Amino acid sequence: MYNLVIFGPPGAGKGTQSEKIIAKYNLAHISTGDMFRMHISNDTELGKRVKQILADGMLVPDSITIDMLEEEVTNNPDVKGFIFDGFPRTVPQAEALDKFLESKGSKVNLVLQLEVNQDIIKERIAERQKVSGRADDDASKLIKRIDEYFSKTVHVLPYYQAQNKVDKVNGIGKIDDIFDDISKAIDKSL
Ligand code: ADP
């Protein structure tokens, strides 16, 4: 199995690039943000628990997130590998993922860090909000999400750097050019 973590701040282009990676490399996409939004729109028990947390731009507690992710991986036993998008977002999530994959005889092969500066992020999300209707794309909630990123999520990078798994890609430019750089990084790690 080949497992890729796509990593970057909100608005870095993780979702857009994930779609292209899936099409080329035939991996299964797990986006924890999409999964939470699906639960919320279906009004499931989990959806009810996390609705306000997402609307506020806060992180969902690790235990809820990890359980949901592990279930999704377990329910897809026959895939070539996964692309994890929006997960892990904390060091305990990264540790849980390593342990879990190890129990399946697998591991994280590559962490792709999409680098984008804060000004670009704010511009992109303001654009996205016009079409996404996402409550958490609102300016004040975005500040909270960026805060969560810089206080909790950035620490995931040194965790993976210590394992020599991080490759950086510049996330600013044309979507296809960024994807070319991503493809090169993936090809090197295969
Ligand atoms: P972004 O555009 O910020 O990358 P996502 O769609 O990945 O947004 O996530 C949206 C929201 O879902 C987050 O702000 C958070 O509330 C919740 N969420 C998603 N993934 C996680 C995670 N791994 N841990 C905790 N909360 C998460």
# chains A, B, ... in the order shown; residues from 1 in each chain; ligands from 1
call {"tool": "closest_atom_pairs", "arguments": {"of": "chain A", "to": "ligand 1", "cutoff": "7 Å", "atoms": "only C-alpha atoms and all ligand atoms", "output": "Markdown table"}}
result
| residue | atom | partner | partner_atom_place_in_ligand_line | distance |
| --- | --- | --- | --- | --- |
| A:Pro9 | CA | ligand 1 | 4 (O) | 6.3 |
| A:Pro10 | CA | ligand 1 | 3 (O) | 3.6 |
| A:Gly11 | CA | ligand 1 | 2 (O) | 5.2 |
| A:Lys14 | CA | ligand 1 | 4 (O) | 6.9 |
| A:Ser31 | CA | ligand 1 | 7 (O) | 6.5 |
| A:Thr32 | CA | ligand 1 | 20 (N) | 4.4 |
| A:Gly33 | CA | ligand 1 | 6 (O) | 3.5 |
| A:Asp34 | CA | ligand 1 | 6 (O) | 5.6 |
| A:Phe36 | CA | ligand 1 | 12 (O) | 6.2 |
| A:Ile53 | CA | ligand 1 | 16 (O) | 5.7 |
| A:Leu54 | CA | ligand 1 | 16 (O) | 3.9 |
| A:Gly57 | CA | ligand 1 | 14 (O) | 4.6 |
| A:Met58 | CA | ligand 1 | 16 (O) | 4.8 |
| A:Leu59 | CA | ligand 1 | 26 (N) | 3.7 |
| A:Val60 | CA | ligand 1 | 26 (N) | 3.8 |
| A:Pro61 | CA | ligand 1 | 25 (C) | 6.0 |
| A:Asp62 | CA | ligand 1 | 24 (N) | 6.1 |
| A:Thr65 | CA | ligand 1 | 24 (N) | 5.6 |
| A:Asp85 | CA | ligand 1 | 7 (O) | 6.7 |
| A:Gly86 | CA | ligand 1 | 7 (O) | 4.2 |
| A:Phe87 | CA | ligand 1 | 23 (N) | 4.0 |
| A:Pro88 | CA | ligand 1 | 23 (N) | 4.9 |
| A:Arg89 | CA | ligand 1 | 23 (N) | 4.5 |
| A:Thr90 | CA | ligand 1 | 24 (N) | 7.0 |
| A:Arg145 | CA | ligand 1 | 14 (O) | 5.7 |
call {"tool": "residues_around", "arguments": {"residues": "A:Glu123", "least_positions_apart": "5", "cutoff": "12 Å", "atoms": "only C-alpha atoms", "output": "ChimeraX atom specification"}}
result
/A:10-12,116-118,128-130,137-139,142
call {"tool": "closest_atom_pairs", "arguments": {"of": "stretch 88-149 of chain A", "to": "stretch 172-180 of chain A", "cutoff": "12 Å", "atoms": "only C-alpha atoms", "output": "JSON lines"}}
result
{"residue": "A:Leu112", "atom": "CA", "partner": "A:Phe179", "partner_atom": "CA", "distance": 11.4}
{"residue": "A:Gln113", "atom": "CA", "partner": "A:Ile178", "partner_atom": "CA", "distance": 11.7}
{"residue": "A:Leu114", "atom": "CA", "partner": "A:Ile172", "partner_atom": "CA", "distance": 8.7}
{"residue": "A:Glu115", "atom": "CA", "partner": "A:Ile172", "partner_atom": "CA", "distance": 7.5}
{"residue": "A:Val116", "atom": "CA", "partner": "A:Ile172", "partner_atom": "CA", "distance": 6.1}
{"residue": "A:Asn117", "atom": "CA", "partner": "A:Ile172", "partner_atom": "CA", "distance": 8.6}
{"residue": "A:Gln118", "atom": "CA", "partner": "A:Ile172", "partner_atom": "CA", "distance": 11.4}
{"residue": "A:Asp119", "atom": "CA", "partner": "A:Ile172", "partner_atom": "CA", "distance": 11.3}
{"residue": "A:Ile120", "atom": "CA", "partner": "A:Ile172", "partner_atom": "CA", "distance": 8.2}
{"residue": "A:Ile121", "atom": "CA", "partner": "A:Ile172", "partner_atom": "CA", "distance": 9.9}
{"residue": "A:Arg124", "atom": "CA", "partner": "A:Ile172", "partner_atom": "CA", "distance": 10.9}
call {"tool": "select_by_dssp", "arguments": {"residues": "chain A", "states": "strand (DSSP E or B)", "output": "tab-separated table (two decimals) with N, CA, C and O atoms, in the first residue's frame"}}
result
chain	number	residue	atom	x	y	z
A	2	TYR	N	0.44	2.27	-0.74
A	2	TYR	CA	1.17	3.54	-0.77
A	2	TYR	C	0.29	4.62	-0.13
A	2	TYR	O	-0.84	4.85	-0.59
A	3	ASN	N	0.79	5.28	0.91
A	3	ASN	CA	-0.02	6.29	1.60
A	3	ASN	C	0.64	7.65	1.58
A	3	ASN	O	1.81	7.78	1.91
A	4	LEU	N	-0.17	8.62	1.19
A	4	LEU	CA	0.32	9.99	1.04
A	4	LEU	C	-0.48	10.91	1.94
A	4	LEU	O	-1.71	10.83	2.00
A	5	VAL	N	0.23	11.78	2.65
A	5	VAL	CA	-0.45	12.83	3.42
A	5	VAL	C	-0.24	14.14	2.67
A	5	VAL	O	0.90	14.49	2.34
A	6	ILE	N	-1.32	14.84	2.36
A	6	ILE	CA	-1.17	16.15	1.74
A	6	ILE	C	-1.40	17.19	2.83
A	6	ILE	O	-2.38	17.15	3.56
A	7	PHE	N	-0.41	18.08	2.96
A	7	PHE	CA	-0.34	18.93	4.14
A	7	PHE	C	-0.23	20.39	3.75
A	7	PHE	O	0.53	20.75	2.85
A	28	ALA	N	-7.21	6.13	-2.95
A	28	ALA	CA	-8.51	6.50	-2.38
A	28	ALA	C	-8.33	7.78	-1.57
A	28	ALA	O	-7.37	7.93	-0.83
A	29	HIS	N	-9.27	8.70	-1.72
A	29	HIS	CA	-9.18	10.01	-1.07
A	29	HIS	C	-9.92	9.99	0.25
A	29	HIS	O	-11.08	9.62	0.31
A	30	ILE	N	-9.23	10.36	1.32
A	30	ILE	CA	-9.93	10.55	2.60
A	30	ILE	C	-9.73	11.98	3.04
A	30	ILE	O	-8.62	12.38	3.41
A	31	SER	N	-10.79	12.77	2.96
A	31	SER	CA	-10.75	14.15	3.46
A	31	SER	C	-11.61	14.20	4.71
A	31	SER	O	-12.84	14.03	4.65
A	81	GLY	N	-3.94	2.37	-2.02
A	81	GLY	CA	-3.39	3.25	-1.00
A	81	GLY	C	-4.32	4.42	-0.79
A	81	GLY	O	-5.37	4.51	-1.43
A	82	PHE	N	-3.92	5.31	0.11
A	82	PHE	CA	-4.78	6.44	0.46
A	82	PHE	C	-4.06	7.76	0.31
A	82	PHE	O	-2.84	7.84	0.48
A	83	ILE	N	-4.86	8.79	0.02
A	83	ILE	CA	-4.35	10.14	0.18
A	83	ILE	C	-5.14	10.75	1.33
A	83	ILE	O	-6.37	10.81	1.30
A	84	PHE	N	-4.42	11.13	2.37
A	84	PHE	CA	-5.04	11.73	3.55
A	84	PHE	C	-4.98	13.24	3.41
A	84	PHE	O	-3.90	13.83	3.31
A	85	ASP	N	-6.15	13.85	3.40
A	85	ASP	CA	-6.29	15.28	3.13
A	85	ASP	C	-6.98	15.91	4.35
A	85	ASP	O	-8.12	15.59	4.64
A	110	LEU	N	4.81	9.31	2.12
A	110	LEU	CA	5.25	10.67	1.79
A	110	LEU	C	4.29	11.69	2.39
A	110	LEU	O	3.08	11.49	2.40
A	111	VAL	N	4.88	12.80	2.88
A	111	VAL	CA	4.09	13.94	3.33
A	111	VAL	C	4.41	15.09	2.38
A	111	VAL	O	5.54	15.55	2.33
A	112	LEU	N	3.41	15.51	1.63
A	112	LEU	CA	3.60	16.59	0.67
A	112	LEU	C	3.17	17.89	1.32
A	112	LEU	O	2.00	18.08	1.64
A	113	GLN	N	4.13	18.77	1.49
A	113	GLN	CA	3.82	20.06	2.12
A	113	GLN	C	3.58	21.10	1.04
A	113	GLN	O	4.48	21.45	0.28
A	114	LEU	N	2.35	21.59	0.96
A	114	LEU	CA	2.02	22.64	-0.02
A	114	LEU	C	2.25	23.98	0.64
A	114	LEU	O	1.55	24.35	1.59
A	115	GLU	N	3.21	24.73	0.13
A	115	GLU	CA	3.57	26.00	0.75
A	115	GLU	C	2.86	27.18	0.10
A	115	GLU	O	3.00	27.40	-1.11
A	166	VAL	N	9.11	14.34	4.55
A	166	VAL	CA	8.46	15.55	4.03
A	166	VAL	C	9.11	16.02	2.74
A	166	VAL	O	10.33	16.11	2.64
A	167	ASP	N	8.29	16.32	1.74
A	167	ASP	CA	8.77	16.97	0.53
A	167	ASP	C	7.93	18.22	0.31
A	167	ASP	O	6.70	18.16	0.40
A	168	LYS	N	8.60	19.36	0.05
A	168	LYS	CA	7.90	20.64	-0.09
A	168	LYS	C	7.60	20.95	-1.54
A	168	LYS	O	8.44	20.75	-2.40
A	169	VAL	N	6.41	21.49	-1.78
A	169	VAL	CA	6.06	21.94	-3.12
A	169	VAL	C	5.49	23.36	-2.99
A	169	VAL	O	4.69	23.63	-2.10
A	170	ASN	N	5.90	24.24	-3.90
A	170	ASN	CA	5.37	25.60	-3.90
A	170	ASN	C	3.91	25.55	-4.36
A	170	ASN	O	3.62	25.10	-5.47
call {"tool": "closest_residue", "arguments": {"among": "A:Lys99, A:Ile143, A:Leu157, A:Gly171", "to": "A:Thr16", "atoms": "only C-alpha atoms"}}
result
A:Gly171
call {"tool": "closest_residue", "arguments": {"among": "A:Ala162, A:Val79, A:Leu69, A:Ile125", "to": "A:Tyr25", "atoms": "only C-alpha atoms"}}
result
A:Val79
